[in-house]
file data16.txt (compact mmCIF, C-alpha atoms)
# COMPACT_ATOMS: atom_id res chain seq x y z
CA MET A 138 141.35 36.52 -174.98
CA LYS A 139 139.15 36.65 -178.03
CA ILE A 140 138.12 40.27 -177.69
CA THR A 141 141.19 42.43 -177.85
CA ASN A 142 141.76 46.12 -178.22
CA ARG A 143 142.22 45.46 -181.93
CA THR A 144 138.60 44.34 -182.31
CA ILE A 145 137.19 47.39 -180.62
CA VAL A 146 139.60 49.72 -182.38
CA LEU A 147 138.49 48.30 -185.72
CA ALA A 148 134.85 48.76 -184.71
CA GLY A 149 135.62 52.33 -183.64
CA ILE A 150 137.26 53.11 -186.99
CA ALA A 151 134.25 51.61 -188.80
CA VAL A 152 131.80 53.69 -186.74
CA GLY A 153 133.82 56.82 -187.47
CA ILE A 154 133.93 56.13 -191.20
CA ALA A 155 130.21 55.30 -191.19
CA ALA A 156 129.41 58.62 -189.50
CA LEU A 157 131.47 60.55 -192.05
CA LEU A 158 129.96 58.60 -194.93
CA LEU A 159 126.36 58.99 -193.78
CA THR A 160 126.86 62.73 -193.35
CA ALA A 161 128.39 62.98 -196.84
CA LEU A 162 125.44 61.03 -198.23
CA GLY A 163 122.82 63.32 -196.76
CA ASN A 164 122.42 62.85 -193.00
CA PRO A 165 122.51 66.06 -190.91
CA ALA A 166 125.87 67.70 -190.24
CA ASN A 167 127.82 66.63 -187.14
CA MET A 168 125.32 63.83 -186.75
CA GLY A 169 126.16 60.92 -189.01
CA PHE A 170 124.07 58.71 -186.88
CA CYS A 171 122.75 59.62 -183.48
CA ILE A 172 120.78 57.00 -181.58
CA ALA A 173 118.72 59.48 -179.56
CA CYS A 174 117.99 61.80 -182.50
CA PHE A 175 117.08 58.94 -184.80
CA GLU A 176 114.82 57.21 -182.29
CA ARG A 177 113.19 60.61 -181.81
CA ASP A 178 112.72 60.87 -185.59
CA ILE A 179 111.10 57.43 -185.62
CA ALA A 180 108.78 58.52 -182.78
CA GLY A 181 107.78 61.49 -184.93
CA ALA A 182 107.26 59.35 -188.04
CA LEU A 183 104.95 57.14 -185.97
CA HIS A 184 102.82 60.18 -185.02
CA LEU A 185 103.96 59.98 -181.40
CA HIS A 186 104.98 63.64 -181.50
CA SER A 187 104.24 66.46 -183.89
CA ALA A 188 107.54 68.31 -184.18
CA LYS A 189 107.45 68.70 -187.97
CA VAL A 190 111.21 68.97 -188.50
CA VAL A 191 112.22 65.70 -186.80
CA GLN A 192 110.12 62.95 -188.33
CA TYR A 193 111.59 60.13 -190.38
CA VAL A 194 111.84 56.34 -190.28
CA ARG A 195 115.59 56.14 -189.75
CA PRO A 196 116.96 52.93 -191.28
CA GLU A 197 120.08 53.30 -189.13
CA ILE A 198 118.23 52.31 -185.95
CA ILE A 199 116.63 49.35 -187.69
CA GLY A 200 119.94 48.28 -189.24
CA LEU A 201 121.87 48.44 -185.98
CA VAL A 202 119.40 46.11 -184.27
CA LEU A 203 119.25 43.76 -187.26
CA GLY A 204 123.05 43.72 -187.55
CA ALA A 205 123.41 42.82 -183.88
CA PHE A 206 120.72 40.17 -184.30
CA LEU A 207 122.53 38.59 -187.25
CA MET A 208 125.91 38.68 -185.54
CA SER A 209 124.57 37.23 -182.29
CA LEU A 210 123.03 34.36 -184.26
CA THR A 211 126.28 33.85 -186.17
CA ASN A 212 128.53 33.73 -183.11
CA LYS A 213 125.92 31.83 -181.10
CA GLU A 214 125.61 34.60 -178.52
CA PHE A 215 121.90 35.20 -179.06
CA ARG A 216 120.24 34.80 -175.65
CA ALA A 217 116.56 35.52 -175.12
CA LYS A 218 116.63 36.97 -171.61
CA ALA A 219 114.33 39.31 -169.72
CA GLY A 220 112.86 40.09 -166.34
CA SER A 221 115.42 42.47 -164.85
CA ALA A 222 113.21 45.31 -163.57
CA PRO A 223 111.54 46.05 -166.93
CA ALA A 224 109.53 49.04 -165.72
CA THR A 225 112.69 50.62 -164.31
CA HIS A 226 114.44 49.96 -167.62
CA PHE A 227 111.58 51.75 -169.40
CA VAL A 228 111.75 54.80 -167.13
CA LEU A 229 115.55 54.95 -167.29
CA GLY A 230 115.35 54.77 -171.09
CA ALA A 231 112.93 57.69 -171.11
CA LEU A 232 115.14 59.71 -168.74
CA VAL A 233 118.23 59.10 -170.85
CA MET A 234 116.31 60.27 -173.92
CA ILE A 235 115.08 63.43 -172.19
CA GLY A 236 118.66 64.20 -171.13
CA ALA A 237 119.95 63.49 -174.63
CA LEU A 238 117.40 65.83 -176.19
CA VAL A 239 118.32 68.58 -173.74
CA PHE A 240 121.92 68.17 -174.93
CA LEU A 241 120.83 67.38 -178.52
CA GLY A 242 122.48 64.04 -179.03
CA CYS A 243 123.39 60.68 -177.56
CA PRO A 244 126.96 59.89 -176.43
CA LEU A 245 127.84 58.83 -179.98
CA ARG A 246 126.70 62.17 -181.38
CA MET A 247 128.56 63.92 -178.57
CA VAL A 248 131.78 62.36 -179.87
CA ILE A 249 130.81 63.23 -183.46
CA ARG A 250 130.09 66.83 -182.43
CA ILE A 251 133.39 67.21 -180.59
CA ALA A 252 135.25 65.78 -183.58
CA GLY A 253 133.54 68.41 -185.73
CA GLY A 254 134.95 71.19 -183.53
CA ASP A 255 131.79 71.76 -181.48
CA LEU A 256 133.05 73.04 -178.12
CA SER A 257 129.56 72.98 -176.60
CA ALA A 258 129.74 69.19 -176.87
CA LEU A 259 132.92 69.30 -174.77
CA CYS A 260 130.70 70.72 -172.00
CA GLY A 261 128.46 67.73 -172.62
CA LEU A 262 131.45 65.40 -172.27
CA ALA A 263 132.25 66.92 -168.88
CA GLY A 264 128.66 66.29 -167.79
CA PHE A 265 128.73 62.78 -169.26
CA ILE A 266 131.82 61.86 -167.23
CA VAL A 267 130.29 63.34 -164.06
CA GLY A 268 127.09 61.35 -164.66
CA ILE A 269 129.05 58.15 -165.24
CA TYR A 270 131.06 58.77 -162.08
CA VAL A 271 127.88 59.21 -160.03
CA GLY A 272 126.49 56.02 -161.58
CA THR A 273 129.63 54.07 -160.67
CA LEU A 274 129.33 55.22 -157.06
CA PHE A 275 125.95 53.49 -156.91
CA LEU A 276 127.25 50.40 -158.71
CA ASP A 277 130.01 50.21 -156.14
CA LYS A 278 127.45 50.48 -153.33
CA GLY A 279 125.46 47.57 -154.76
CA PHE A 280 123.06 49.09 -157.29
CA SER A 281 121.45 46.33 -159.31
CA LEU A 282 118.33 45.92 -161.42
CA ARG A 283 118.39 42.23 -160.42
CA ARG A 284 118.86 39.25 -162.63
CA ALA A 285 117.39 38.57 -166.03
CA TYR A 286 116.22 35.05 -166.80
CA GLU A 287 116.22 32.91 -169.90
CA ASN A 288 113.10 33.22 -171.98
CA ASN A 289 111.57 31.86 -175.17
CA ALA A 290 113.61 32.66 -178.27
CA ALA A 291 110.53 34.52 -179.55
CA GLU A 292 110.88 37.06 -176.72
CA GLY A 293 114.39 37.92 -177.89
CA THR A 294 113.32 38.39 -181.50
CA ILE A 295 110.49 40.84 -180.75
CA LEU A 296 112.37 44.09 -181.33
CA PRO A 297 114.29 42.94 -184.44
CA LEU A 298 111.04 41.68 -185.97
CA VAL A 299 109.04 44.80 -185.04
CA LEU A 300 111.71 47.03 -186.56
CA LEU A 301 111.96 44.87 -189.67
CA GLY A 302 108.16 45.14 -190.01
CA LEU A 303 108.38 48.89 -189.56
CA PHE A 304 110.99 49.12 -192.31
CA LEU A 305 108.93 47.03 -194.73
CA LEU A 306 105.82 49.09 -193.96
CA PHE A 307 107.80 52.28 -194.56
CA LEU A 308 108.89 50.98 -197.97
CA ALA A 309 105.43 49.71 -198.90
CA VAL A 310 103.20 52.50 -197.60
CA PRO A 311 105.28 55.60 -196.78
CA SER A 312 102.12 57.73 -196.65
CA LEU A 313 101.28 56.09 -193.32
CA PHE A 314 104.10 58.01 -191.71
CA GLN A 315 104.79 61.64 -190.88
CA LEU A 316 107.94 62.57 -192.79
CA SER A 317 109.71 65.91 -192.41
CA GLN A 318 109.79 68.18 -195.43
CA ALA A 319 112.30 70.54 -193.82
CA GLY A 320 114.80 70.52 -190.99
CA PRO A 321 117.03 67.68 -189.76
CA GLY A 322 114.34 65.04 -190.33
CA SER A 323 114.31 65.81 -194.04
CA LEU A 324 118.05 65.25 -194.34
CA HIS A 325 118.93 61.64 -194.89
CA ALA A 326 121.19 59.32 -196.83
CA PRO A 327 119.63 56.88 -199.32
CA VAL A 328 117.48 54.37 -197.46
CA PHE A 329 119.22 51.13 -198.44
CA VAL A 330 122.71 52.59 -198.05
CA SER A 331 121.81 53.70 -194.51
CA LEU A 332 120.38 50.29 -193.73
CA LEU A 333 123.40 48.42 -195.08
CA ILE A 334 125.93 50.62 -193.27
CA ALA A 335 123.96 50.27 -190.02
CA ILE A 336 123.75 46.48 -190.35
CA ILE A 337 127.53 46.31 -190.72
CA ILE A 338 128.04 48.63 -187.74
CA GLY A 339 125.51 46.66 -185.70
CA MET A 340 127.44 43.47 -186.40
CA LEU A 341 130.78 45.05 -185.48
CA ALA A 342 129.38 46.74 -182.37
CA GLN A 343 127.97 43.42 -181.18
CA LYS A 344 131.26 41.67 -181.78
CA ALA A 345 133.32 44.39 -180.08
CA ARG A 346 130.82 45.12 -177.22
CA LEU A 347 131.09 48.79 -178.21
CA CYS A 348 129.64 51.08 -175.55
CA LEU A 349 130.24 54.79 -175.24
CA ALA A 350 129.37 54.93 -171.53
CA GLY A 351 131.20 51.71 -170.70
CA GLY A 352 134.57 53.23 -171.58
CA PHE A 353 134.67 55.77 -168.77
CA ARG A 354 132.74 53.43 -166.44
CA ASP A 355 135.32 50.65 -166.80
CA LEU A 356 138.17 53.10 -166.47
CA ILE A 357 136.74 54.39 -163.18
CA LEU A 358 135.73 51.00 -161.77
CA PHE A 359 138.41 48.64 -163.07
CA LYS A 360 141.16 50.84 -164.60
CA ASP A 361 140.28 49.03 -167.84
CA VAL A 362 140.68 51.01 -171.07
CA ASN A 363 139.35 48.40 -173.50
CA LEU A 364 135.98 50.05 -174.18
CA LEU A 365 137.46 53.53 -173.89
CA SER A 366 139.75 52.72 -176.81
CA GLY A 367 136.61 52.41 -178.97
CA PHE A 368 135.42 55.84 -177.82
CA VAL A 369 138.79 57.41 -178.59
CA THR A 370 139.08 55.68 -181.96
CA ILE A 371 135.67 56.95 -183.09
CA PHE A 372 136.71 60.46 -182.11
CA LEU A 373 140.09 60.31 -183.86
CA THR A 374 138.65 58.78 -187.04
CA ILE A 375 135.98 61.46 -187.38
CA LEU A 376 138.41 64.23 -186.41
CA VAL A 377 140.88 63.18 -189.10
CA GLY A 378 138.05 62.78 -191.63
CA ASN A 379 136.62 66.21 -190.84
CA LEU A 380 140.04 67.88 -191.05
CA PHE A 381 140.71 66.16 -194.37
CA LEU A 382 137.28 67.08 -195.77
CA GLY A 383 137.38 70.64 -194.45
CA ARG A 384 134.41 70.00 -192.17
CA PHE A 385 136.12 70.86 -188.89
CA HIS A 386 134.80 74.17 -187.54
CA LEU A 387 136.01 75.02 -184.06
CA GLY A 388 133.60 77.07 -182.00
CA LEU A 389 131.12 77.19 -179.15
CA THR A 390 128.17 78.83 -180.85
CA GLY A 391 126.25 78.30 -184.05
CA GLN A 392 127.33 74.67 -184.44
CA PRO A 393 125.08 72.36 -186.52
CA ILE A 394 121.98 71.23 -184.58
CA ALA A 395 123.52 72.17 -181.24
CA HIS A 396 122.98 74.86 -178.65
CA SER A 397 125.57 76.73 -176.66
CA ASP A 398 123.83 76.92 -173.30
CA ILE A 399 126.74 75.49 -171.33
CA TRP A 400 124.89 74.31 -168.24
CA LEU A 401 122.14 72.58 -170.15
CA ASN A 402 124.74 70.79 -172.24
CA VAL A 403 126.43 69.67 -169.04
CA LEU A 404 123.28 68.67 -167.15
CA GLY A 405 121.68 66.94 -170.12
CA MET A 406 124.68 64.66 -170.41
CA VAL A 407 124.90 64.13 -166.64
CA ILE A 408 121.46 62.53 -167.00
CA VAL A 409 122.59 60.48 -170.00
CA GLY A 410 125.80 59.28 -168.32
CA TRP A 411 124.18 58.42 -165.01
CA GLY A 412 121.19 56.70 -166.64
CA SER A 413 123.40 54.76 -169.06
CA VAL A 414 125.53 53.37 -166.24
CA LEU A 415 122.41 52.25 -164.34
CA LEU A 416 121.12 50.63 -167.55
CA GLY A 417 124.42 48.84 -168.17
CA GLY A 418 125.17 50.63 -171.42
CA CYS A 419 124.73 53.67 -173.65
CA PRO A 420 121.81 54.05 -176.12
CA LEU A 421 123.85 52.36 -178.88
CA ARG A 422 124.63 49.43 -176.59
CA GLN A 423 120.94 49.10 -175.68
CA LEU A 424 120.11 48.65 -179.38
CA ILE A 425 122.85 46.04 -179.73
CA LEU A 426 121.72 44.15 -176.62
CA ALA A 427 118.10 44.28 -177.77
CA GLY A 428 119.19 42.79 -181.10
CA SER A 429 121.05 40.06 -179.22
CA GLY A 430 117.88 38.90 -177.46
CA ASN A 431 117.81 41.07 -174.34
CA GLY A 432 114.14 41.87 -173.67
CA ASP A 433 114.99 44.41 -170.96
CA SER A 434 117.07 46.39 -173.45
CA ALA A 435 114.16 46.19 -175.92
CA VAL A 436 111.98 47.75 -173.21
CA THR A 437 114.68 50.40 -172.70
CA VAL A 438 114.55 51.25 -176.42
CA LEU A 439 110.77 51.57 -176.21
CA GLY A 440 111.25 53.77 -173.14
CA MET A 441 113.62 55.96 -175.14
CA ILE A 442 111.08 56.32 -177.94
CA ALA A 443 108.40 57.22 -175.37
CA GLY A 444 110.83 59.68 -173.77
CA ALA A 445 111.42 61.30 -177.16
CA ALA A 446 107.68 61.74 -177.71
CA LEU A 447 107.33 63.19 -174.21
CA SER A 448 110.28 65.55 -174.80
CA HIS A 449 108.69 67.10 -177.86
CA ASN A 450 105.07 67.00 -176.73
CA LEU A 451 105.93 68.73 -173.44
CA ALA A 452 108.55 71.03 -175.04
CA LEU A 453 111.41 69.62 -172.97
CA ALA A 454 113.81 69.21 -175.90
CA ALA A 455 116.34 71.93 -176.63
CA SER A 456 116.26 74.09 -179.71
CA PRO A 457 119.55 74.63 -181.54
CA ASP A 458 121.43 77.88 -182.09
CA VAL A 459 120.17 79.62 -185.20
CA VAL A 460 121.84 82.24 -187.36
CA LYS A 461 119.22 84.43 -189.07
CA GLU A 462 120.26 87.31 -191.30
CA GLY A 463 123.71 87.23 -189.76
CA VAL A 464 122.38 87.39 -186.21
CA LEU A 465 123.06 84.49 -183.85
CA LYS A 466 120.15 83.40 -181.70
CA ILE A 467 121.36 81.15 -178.89
CA GLY A 468 119.30 78.00 -178.56
CA SER A 469 118.10 76.62 -175.29
CA VAL A 470 115.17 74.81 -173.75
CA SER A 471 111.80 76.14 -172.72
CA PRO A 472 110.85 76.77 -169.05
CA SER A 473 109.33 73.28 -168.91
CA GLY A 474 112.68 71.87 -170.03
CA HIS A 475 114.42 73.73 -167.22
CA VAL A 476 112.03 72.10 -164.76
CA ALA A 477 112.42 68.67 -166.36
CA VAL A 478 116.20 68.52 -165.90
CA PRO A 479 116.21 68.62 -162.07
CA ILE A 480 113.18 66.31 -162.00
CA CYS A 481 115.08 63.76 -164.12
CA LEU A 482 118.05 64.01 -161.75
CA ILE A 483 115.77 63.48 -158.73
CA ILE A 484 114.17 60.42 -160.36
CA LEU A 485 117.63 59.03 -161.16
CA ALA A 486 118.67 59.52 -157.54
CA PHE A 487 115.46 57.85 -156.36
CA LEU A 488 115.98 54.83 -158.64
CA SER A 489 119.65 54.63 -157.69
CA PHE A 490 118.93 54.52 -153.96
CA THR A 491 115.90 52.25 -154.16
CA ASN A 492 117.77 49.61 -156.18
CA LEU A 493 120.72 49.23 -153.82
CA THR A 494 121.11 45.56 -152.93
CA LYS A 495 123.48 43.36 -151.00
CA GLU A 496 125.72 41.51 -153.44
CA GLU A 497 126.38 38.78 -150.89
CA GLN A 498 123.15 37.25 -152.16
CA ASN A 499 125.02 36.34 -155.33
CA HIS A 500 127.34 33.93 -153.56
CA ALA A 501 126.06 30.40 -153.86
CA MET B 119 131.32 29.68 -156.13
CA LEU B 120 130.15 33.07 -157.33
CA ASP B 121 126.93 32.92 -159.33
CA ALA B 122 126.69 35.91 -161.67
CA ARG B 123 124.24 34.36 -164.11
CA GLY B 124 121.57 36.79 -165.27
CA CYS B 125 123.55 39.80 -164.05
CA SER B 126 123.97 42.46 -166.69
CA CYS B 127 127.21 44.22 -167.48
CA PRO B 128 129.25 45.26 -165.47
CA MET B 129 127.79 43.48 -162.41
CA PRO B 130 129.66 40.17 -162.90
CA VAL B 131 132.98 42.04 -162.97
CA ILE B 132 132.07 44.11 -159.90
CA LEU B 133 131.09 40.97 -157.98
CA VAL B 134 134.35 39.22 -158.87
CA GLN B 135 136.39 42.34 -158.10
CA LYS B 136 134.80 42.59 -154.64
CA ALA B 137 135.23 38.87 -153.96
CA ILE B 138 138.93 39.16 -154.80
CA LYS B 139 139.37 42.34 -152.79
CA ILE B 140 137.65 41.03 -149.66
CA ASN B 141 138.66 37.36 -149.58
CA HIS B 142 141.90 37.24 -151.64
CA PRO B 143 140.98 33.71 -152.75
CA SER B 144 143.62 31.48 -154.30
CA THR B 145 140.82 29.82 -156.28
CA LEU B 146 137.47 31.26 -157.27
CA GLU B 147 134.79 29.67 -159.42
CA VAL B 148 132.47 32.03 -161.28
CA LEU B 149 129.33 31.22 -163.24
CA VAL B 150 128.19 33.62 -165.97
CA ASP B 151 125.77 33.25 -168.87
CA GLU B 152 126.99 35.83 -171.36
CA ALA B 153 130.10 35.78 -173.52
CA CYS B 154 130.59 39.46 -172.73
CA ALA B 155 130.67 38.74 -168.98
CA LYS B 156 133.04 35.84 -169.56
CA GLU B 157 135.46 38.11 -171.43
CA ASN B 158 135.24 40.96 -168.93
CA VAL B 159 135.71 38.72 -165.87
CA THR B 160 138.62 36.99 -167.60
CA ARG B 161 140.28 40.31 -168.35
CA LEU B 162 139.85 41.55 -164.77
CA ALA B 163 141.13 38.29 -163.28
CA GLN B 164 144.18 38.22 -165.53
CA ASN B 165 144.94 41.82 -164.64
CA GLN B 166 144.83 40.73 -160.97
CA GLY B 167 147.34 37.95 -161.63
CA TYR B 168 144.94 34.99 -161.88
CA GLN B 169 145.05 32.24 -164.44
CA VAL B 170 141.62 31.64 -165.90
CA THR B 171 140.16 28.40 -167.23
CA VAL B 172 136.82 28.62 -169.02
CA THR B 173 134.43 25.75 -169.61
CA GLN B 174 131.21 26.21 -171.54
CA GLN B 175 128.19 24.35 -170.19
CA GLY B 176 125.35 24.85 -172.64
CA SER B 177 124.62 28.56 -172.67
CA GLU B 178 126.62 29.14 -169.47
CA TYR B 179 130.29 29.56 -168.72
CA LYS B 180 132.17 28.32 -165.69
CA LEU B 181 135.34 30.27 -165.01
CA VAL B 182 137.95 28.95 -162.61
CA LEU B 183 140.32 31.64 -161.39
CA LYS B 184 143.59 30.37 -159.88
CA LYS B 185 146.56 32.17 -158.46
call {"tool": "encode", "arguments": {"input": "data16.txt", "output": "structure tokens"}}
result
Amino acid sequence: MKITNRTIVLAGIAVGIAALLLTALGNPANMGFCIACFERDIAGALHLHSAKVVQYVRPEIIGLVLGAFLMSLTNKEFRAKAGSAPATHFVLGALVMIGALVFLGCPLRMVIRIAGGDLSALCGLAGFIVGIYVGTLFLDKGFSLRRAYENNAAEGTILPLVLLGLFLLFLAVPSLFQLSQAGPGSLHAPVFVSLLIAIIIGMLAQKARLCLAGGFRDLILFKDVNLLSGFVTIFLTILVGNLFLGRFHLGLTGQPIAHSDIWLNVLGMVIVGWGSVLLGGCPLRQLILAGSGNGDSAVTVLGMIAGAALSHNLALAASPDVVKEGVLKIGSVSPSGHVAVPICLIILAFLSFTNLTKEEQNHA
Amino acid sequence: MLDARGCSCPMPVILVQKAIKINHPSTLEVLVDEACAKENVTRLAQNQGYQVTVTQQGSEYKLVLKK
């Protein structure tokens, strides 16, 4: 086999080092790069929401898609495909984003947070595994978003080109965008360093099929640990790096850009895990697939950006724990966020049941 | 012949897993159109004791699983 554990382990080590490096160079603590947070920042930069502290054109998102695009062209795996329930992909993308912003991070950031000693993210991991398990139950019963079909090459290049255009516009006319002056959105590594690191990671992630949700999914469904080895390697790399750099701080409360409301951490990641399994991959994997020509994943990414805007405009996103004058204020979500979580779960259940099919149709 | 073209991950693997579980075929031909699906189906089949031969036909892959 061409893809071995070694490939994915190498990709995992590279992702871990990239996260440590990006944090050292200016990205927010225990974040490195978070797909949900950074897509949310891009939504803010594009005036899609007005949360002042989370607005920036994150080159990491752009670089990941461009890296996957370049690698898929290089290894001749670029396939312009689309047509697999695009509206459902959009809604699932939005739901995953809402869940991620209740937790405050995508699965990648969850691993980064745990490796930084954030015990609240361990609650998220429990929810993530539960969500993945529920998703696999539906896969086993025949859940499918139907087939995608080959399309014009132009269809597959839409998202890479749009993001490249966004990046060039950001460089040429930054005043067009809303850019945070304080808070996490104002913390960032140098633009071209971020872009370069993300391009390399995008290439490696495409090559290794890296997926944070796929690890537990494949373990449950097929007893296959290939993808899970990537998950574990990212964790171990960042853990070792944090211990070495003195950045490991074990604790449940007051962690960087995280809240310690246990149940919301759990439920937020249940939504992310469940939605990611229905989508066929975690938020990082959606970026990589979109860069490799998958139009449905491009729609998912757009759904995630819309979900981020919705989260902040309707106050569904969580606020982190804050320590002010030595007093810890536990973060949480607003009443509308508490209502949104069960609604997201109900919508996921609805989509899961309504997309059950009979696989026998696939036998020719 | 199991046609898993256009099916996103992990559907091709699930379809092959079910076909093996239900029918215990000595030979099974599978069509996929993504390298990722080709690799995942190959890994599953080999773990189930099958020998796998892959032929690329344009942008598609034909996998023949034999036990």
call {"tool": "closest_atom_pairs", "arguments": {"input": "data16.txt", "of": "chain B", "to": "chain A", "cutoff": "7 Å", "atoms": "only C-alpha atoms", "output": "CSV"}}
result
residue,atom,partner,partner_atom,distance
B:Met119,CA,A:Ala501,CA,5.8
B:Leu120,CA,A:His500,CA,4.8
B:Asp121,CA,A:Asn499,CA,5.6
B:Ala122,CA,A:Asn499,CA,6.6
B:Gly124,CA,A:Arg284,CA,4.5
B:Cys125,CA,A:Arg284,CA,4.9
B:Ser126,CA,A:Gly417,CA,6.6
B:Cys127,CA,A:Gly417,CA,5.4
B:Pro128,CA,A:Gly417,CA,6.6
B:Ala153,CA,A:Glu214,CA,6.8
call {"tool": "residues_around", "arguments": {"input": "data16.txt", "residues": "Asp151 of chain B", "least_positions_apart": "5", "cutoff": "6 Å", "atoms": "all atoms listed in the file", "output": "list in words"}}
result
Arg123, Glu178 and Tyr179 of chain B
call {"tool": "residues_around", "arguments": {"input": "data16.txt", "residues": "segment 452-465 of chain A", "least_positions_apart": "5", "cutoff": "6 Å", "atoms": "all atoms listed in the file", "output": "PyMOL selection string"}}
result
chain A and resi 238-239+391+394-396+470+473-474
call {"tool": "atom_distance", "arguments": {"input": "data16.txt", "atom1": "atom CA of Leu301 of chain A", "atom2": "atom CA of Ile199 of chain A"}}
result
6.8 Å
call {"tool": "atom_distance", "arguments": {"input": "data16.txt", "atom1": "atom CA of Gly153 of chain A", "atom2": "atom CA of Phe206 of chain A"}}
result
21.4 Å
call {"tool": "atom_distance", "arguments": {"input": "data16.txt", "atom1": "atom CA of Gly253 of chain A", "atom2": "atom CA of Ser397 of chain A"}}
result
14.7 Å
call {"tool": "residues_near_point", "arguments": {"input": "data16.txt", "point": "(119.0, 42.5, -185.4)", "cutoff": "8 Å", "atoms": "only C-alpha atoms", "output": "PyMOL selection string"}}
result
chain A and resi 199-208+296-297+336+339+425+427-429
call {"tool": "build_atoms", "arguments": {"input": "data16.txt", "residues": "segment 163-180 of chain B", "atoms": "N, CA and C atoms", "output": "PDB file, in the frame of the given file"}}
result
ATOM      1  N   ALA B 163     140.390  39.286-164.054  1.00  0.00           N
ATOM      2  CA  ALA B 163     141.130  38.290-163.280  1.00  0.00           C
ATOM      3  C   ALA B 163     142.590  38.231-163.732  1.00  0.00           C
ATOM      4  N   GLN B 164     142.803  38.263-165.032  1.00  0.00           N
ATOM      5  CA  GLN B 164     144.180  38.220-165.530  1.00  0.00           C
ATOM      6  C   GLN B 164     144.965  39.455-165.108  1.00  0.00           C
ATOM      7  N   ASN B 165     144.274  40.596-165.108  1.00  0.00           N
ATOM      8  CA  ASN B 165     144.940  41.820-164.640  1.00  0.00           C
ATOM      9  C   ASN B 165     145.299  41.739-163.162  1.00  0.00           C
ATOM     10  N   GLN B 166     144.563  40.888-162.407  1.00  0.00           N
ATOM     11  CA  GLN B 166     144.830  40.730-160.970  1.00  0.00           C
ATOM     12  C   GLN B 166     145.789  39.561-160.714  1.00  0.00           C
ATOM     13  N   GLY B 167     146.333  38.998-161.778  1.00  0.00           N
ATOM     14  CA  GLY B 167     147.340  37.950-161.630  1.00  0.00           C
ATOM     15  C   GLY B 167     146.785  36.535-161.556  1.00  0.00           C
ATOM     16  N   TYR B 168     145.530  36.342-161.897  1.00  0.00           N
ATOM     17  CA  TYR B 168     144.940  34.990-161.880  1.00  0.00           C
ATOM     18  C   TYR B 168     145.081  34.334-163.251  1.00  0.00           C
ATOM     19  N   GLN B 169     145.161  33.008-163.202  1.00  0.00           N
ATOM     20  CA  GLN B 169     145.050  32.240-164.440  1.00  0.00           C
ATOM     21  C   GLN B 169     143.592  31.814-164.562  1.00  0.00           C
ATOM     22  N   VAL B 170     143.054  31.889-165.738  1.00  0.00           N
ATOM     23  CA  VAL B 170     141.620  31.640-165.900  1.00  0.00           C
ATOM     24  C   VAL B 170     141.377  30.456-166.843  1.00  0.00           C
ATOM     25  N   THR B 171     140.576  29.512-166.368  1.00  0.00           N
ATOM     26  CA  THR B 171     140.160  28.400-167.230  1.00  0.00           C
ATOM     27  C   THR B 171     138.648  28.534-167.439  1.00  0.00           C
ATOM     28  N   VAL B 172     138.248  28.458-168.699  1.00  0.00           N
ATOM     29  CA  VAL B 172     136.820  28.620-169.020  1.00  0.00           C
ATOM     30  C   VAL B 172     136.265  27.318-169.583  1.00  0.00           C
ATOM     31  N   THR B 173     135.133  26.891-169.027  1.00  0.00           N
ATOM     32  CA  THR B 173     134.430  25.750-169.610  1.00  0.00           C
ATOM     33  C   THR B 173     133.010  26.188-169.939  1.00  0.00           C
ATOM     34  N   GLN B 174     132.585  25.861-171.155  1.00  0.00           N
ATOM     35  CA  GLN B 174     131.210  26.210-171.540  1.00  0.00           C
ATOM     36  C   GLN B 174     130.291  25.042-171.212  1.00  0.00           C
ATOM     37  N   GLN B 175     129.192  25.370-170.526  1.00  0.00           N
ATOM     38  CA  GLN B 175     128.190  24.350-170.190  1.00  0.00           C
ATOM     39  C   GLN B 175     126.860  24.821-170.761  1.00  0.00           C
ATOM     40  N   GLY B 176     126.557  24.371-171.971  1.00  0.00           N
ATOM     41  CA  GLY B 176     125.350  24.850-172.640  1.00  0.00           C
ATOM     42  C   GLY B 176     125.491  26.322-172.944  1.00  0.00           C
ATOM     43  N   SER B 177     124.553  27.122-172.427  1.00  0.00           N
ATOM     44  CA  SER B 177     124.620  28.560-172.670  1.00  0.00           C
ATOM     45  C   SER B 177     125.343  29.293-171.527  1.00  0.00           C
ATOM     46  N   GLU B 178     125.939  28.523-170.619  1.00  0.00           N
ATOM     47  CA  GLU B 178     126.620  29.140-169.470  1.00  0.00           C
ATOM     48  C   GLU B 178     128.125  28.879-169.520  1.00  0.00           C
ATOM     49  N   TYR B 179     128.843  29.715-168.782  1.00  0.00           N
ATOM     50  CA  TYR B 179     130.290  29.560-168.720  1.00  0.00           C
ATOM     51  C   TYR B 179     130.714  29.433-167.264  1.00  0.00           C
ATOM     52  N   LYS B 180     131.596  28.454-167.037  1.00  0.00           N
ATOM     53  CA  LYS B 180     132.170  28.320-165.690  1.00  0.00           C
ATOM     54  C   LYS B 180     133.635  28.750-165.788  1.00  0.00           C
TER      55      LYS B 180
END
